[in-house]
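Engineer: Supplied in structure tokens, the structure appears directly below.
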Amino acid sequence: MWGIQVGKGFKVNGKIHFRRLPKSSISIGEKCRFNSSSNSNLIGINRPCIIATHDKTARIVIGHHSGFSGTVIGAFKSVTIGNYVKCGANSLITDSDWHSDDPRSAEPKPVVIGDNVWLGEGTKVLKGVTIGENSLIGAGSVVVKDIPANVIAAGNPCKIIRHI
């Protein structure tokens with residue numbers, strides 16, 4: 001897998017696209033599952049899972065027992081995902097604006113998603129965000145600021161709905 005570390009029990013349903021630049025790192029924990037087939041998630045997946053680094057110092061770390069459906073994870077600096085994380089269909093996790101040549105874009109900022117977080121369908125987690133453990137992010141949310149542990153949050157921009 002071209003220098004990509006994958007734990008035991010790694011499963012893919014459909015296609016997955018990896019892009020790892022030299023000297024960058026991608027590490028996936030044990031028993032992680034990636035669904036890219038439209039039949040693998042009945043809510044509807046409209047793209048394959050894509051895991052990509054975009055800078056030679058970038059790193060993506062995914063914990064154990066996490067699941068992804070049509071999820072795109074892009075790191076220019078750092079994306080860290082905990083254990084038992086569920087990423088709903090067509091979710092996006094990125095630490096950058098993706099237009100580094102545009103002067104309006106700011107520097108990439110690390111993203112951290114804690115253990116046992118659930119991202120609903122179509123959720124976008126943007127640069128500089130930390131989501132605390134056990135939190136649930138509602139479908140279609142755009143997360144632009146930190147979300148604490150043990151909450152339900154949703155919306156654009158994503159806001160706390162209630163504590164759990």
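Residues are named by chain letter and number: chains run A, B, ... in the order of the structure tokens, numbers start at 1 in each chain, and ligands are numbered from 1 in the order shown.
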A:Ser91: which residues within 9 Å, counting only C-alpha atoms, same-chain residues fewer than 2 positions away excluded, as a count of residues only?

Structural biologist: 18

Engineer: For A:Pro22, list every protein, DNA or RNA residue within 10 Å, evaluated using only C-alpha atoms, and leave out those in the same chain fewer than 6 positions away; present the list as a PyMOL selection string.

Structural biologist: chain A and resi 2-3+53-58

Engineer: Hey, which of A:Gly9, A:Phe34, A:Gly14, A:Asn90 ends up closest to A:Asn46? Count only C-alpha atoms.

Structural biologist: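 So, comparing all the options, the nearest one is A:Asn90.
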
Engineer: Return as a ChimeraX atom specification the full set of residues in stretch 35-132 of chain A whose backbone-based DSSP assignment is strand (DSSP E).

Structural biologist: /A:35,49-53,59-62,67-69,72-75,78-81,86-87,92-94,111-113,118-119,124-125,130-131

Engineer: Find the residues near A:Ser25: any atom within 7 Å, counting only C-alpha atoms, skip ones fewer than 5 places away on the same chain, and give them as a PyMOL selection string.

Structural biologist: chain A and resi 4+20+58-60

Engineer: Could you write those residues out with N, CA and C atoms, as a compact mmCIF listing (two decimals), in the first residue's frame?

Structural biologist:
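Result saved to again_8.txt:
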# COMPACT_ATOMS: atom_id res chain seq x y z
N ILE A 4 1.59 3.07 3.36
CA ILE A 4 0.43 3.36 4.20
C ILE A 4 0.31 2.23 5.22
N ARG A 20 -0.64 9.41 -1.06
CA ARG A 20 0.30 9.74 0.01
C ARG A 20 1.56 10.30 -0.63
N ALA A 58 2.64 16.21 5.92
CA ALA A 58 1.28 15.93 6.38
C ALA A 58 1.17 14.54 6.98
N ARG A 59 0.19 14.41 7.91
CA ARG A 59 -0.06 13.08 8.47
C ARG A 59 -1.55 12.91 8.74
N ILE A 60 -1.99 11.69 8.49
CA ILE A 60 -3.35 11.28 8.80
C ILE A 60 -3.25 10.07 9.70

Engineer: What's around stretch 27-32 of chain A at 6 Å? Count only C-alpha atoms, leave out sequence neighbours fewer than 5 positions away in its own chain, and write the answer as a PyMOL selection string.

Structural biologist: chain A and resi 5-10+61-67

Engineer: Provide the atom CA of A:Lys23 to atom CA of A:Ile131 distance in Å, to one decimal place.

Structural biologist: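 Separating atom CA of A:Lys23 from atom CA of A:Ile131 is a distance of 27.2 Å.
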
Engineer: Work out how far apart atom CA of A:Ser100 and atom CA of A:Phe76 are and give it in Å to one decimal.

Structural biologist: 9.8 Å

Engineer: For A:Trp98, find every residue with an atom within 12 Å (counting only C-alpha atoms), except residues of its own chain fewer than 3 positions away, and show them as number ranges by chain.

Structural biologist: A: 53-55, 74-77, 93-95, 101-109, 126-127

Engineer: Return the single residue from A:Val129, A:Ile164, A:Ile43, A:Cys49 that is closest to A:Ile81, with distances computed using only C-alpha atoms.

Structural biologist: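 Residue with the minimum atom-to-atom distance to A:Ile81: A:Val129.
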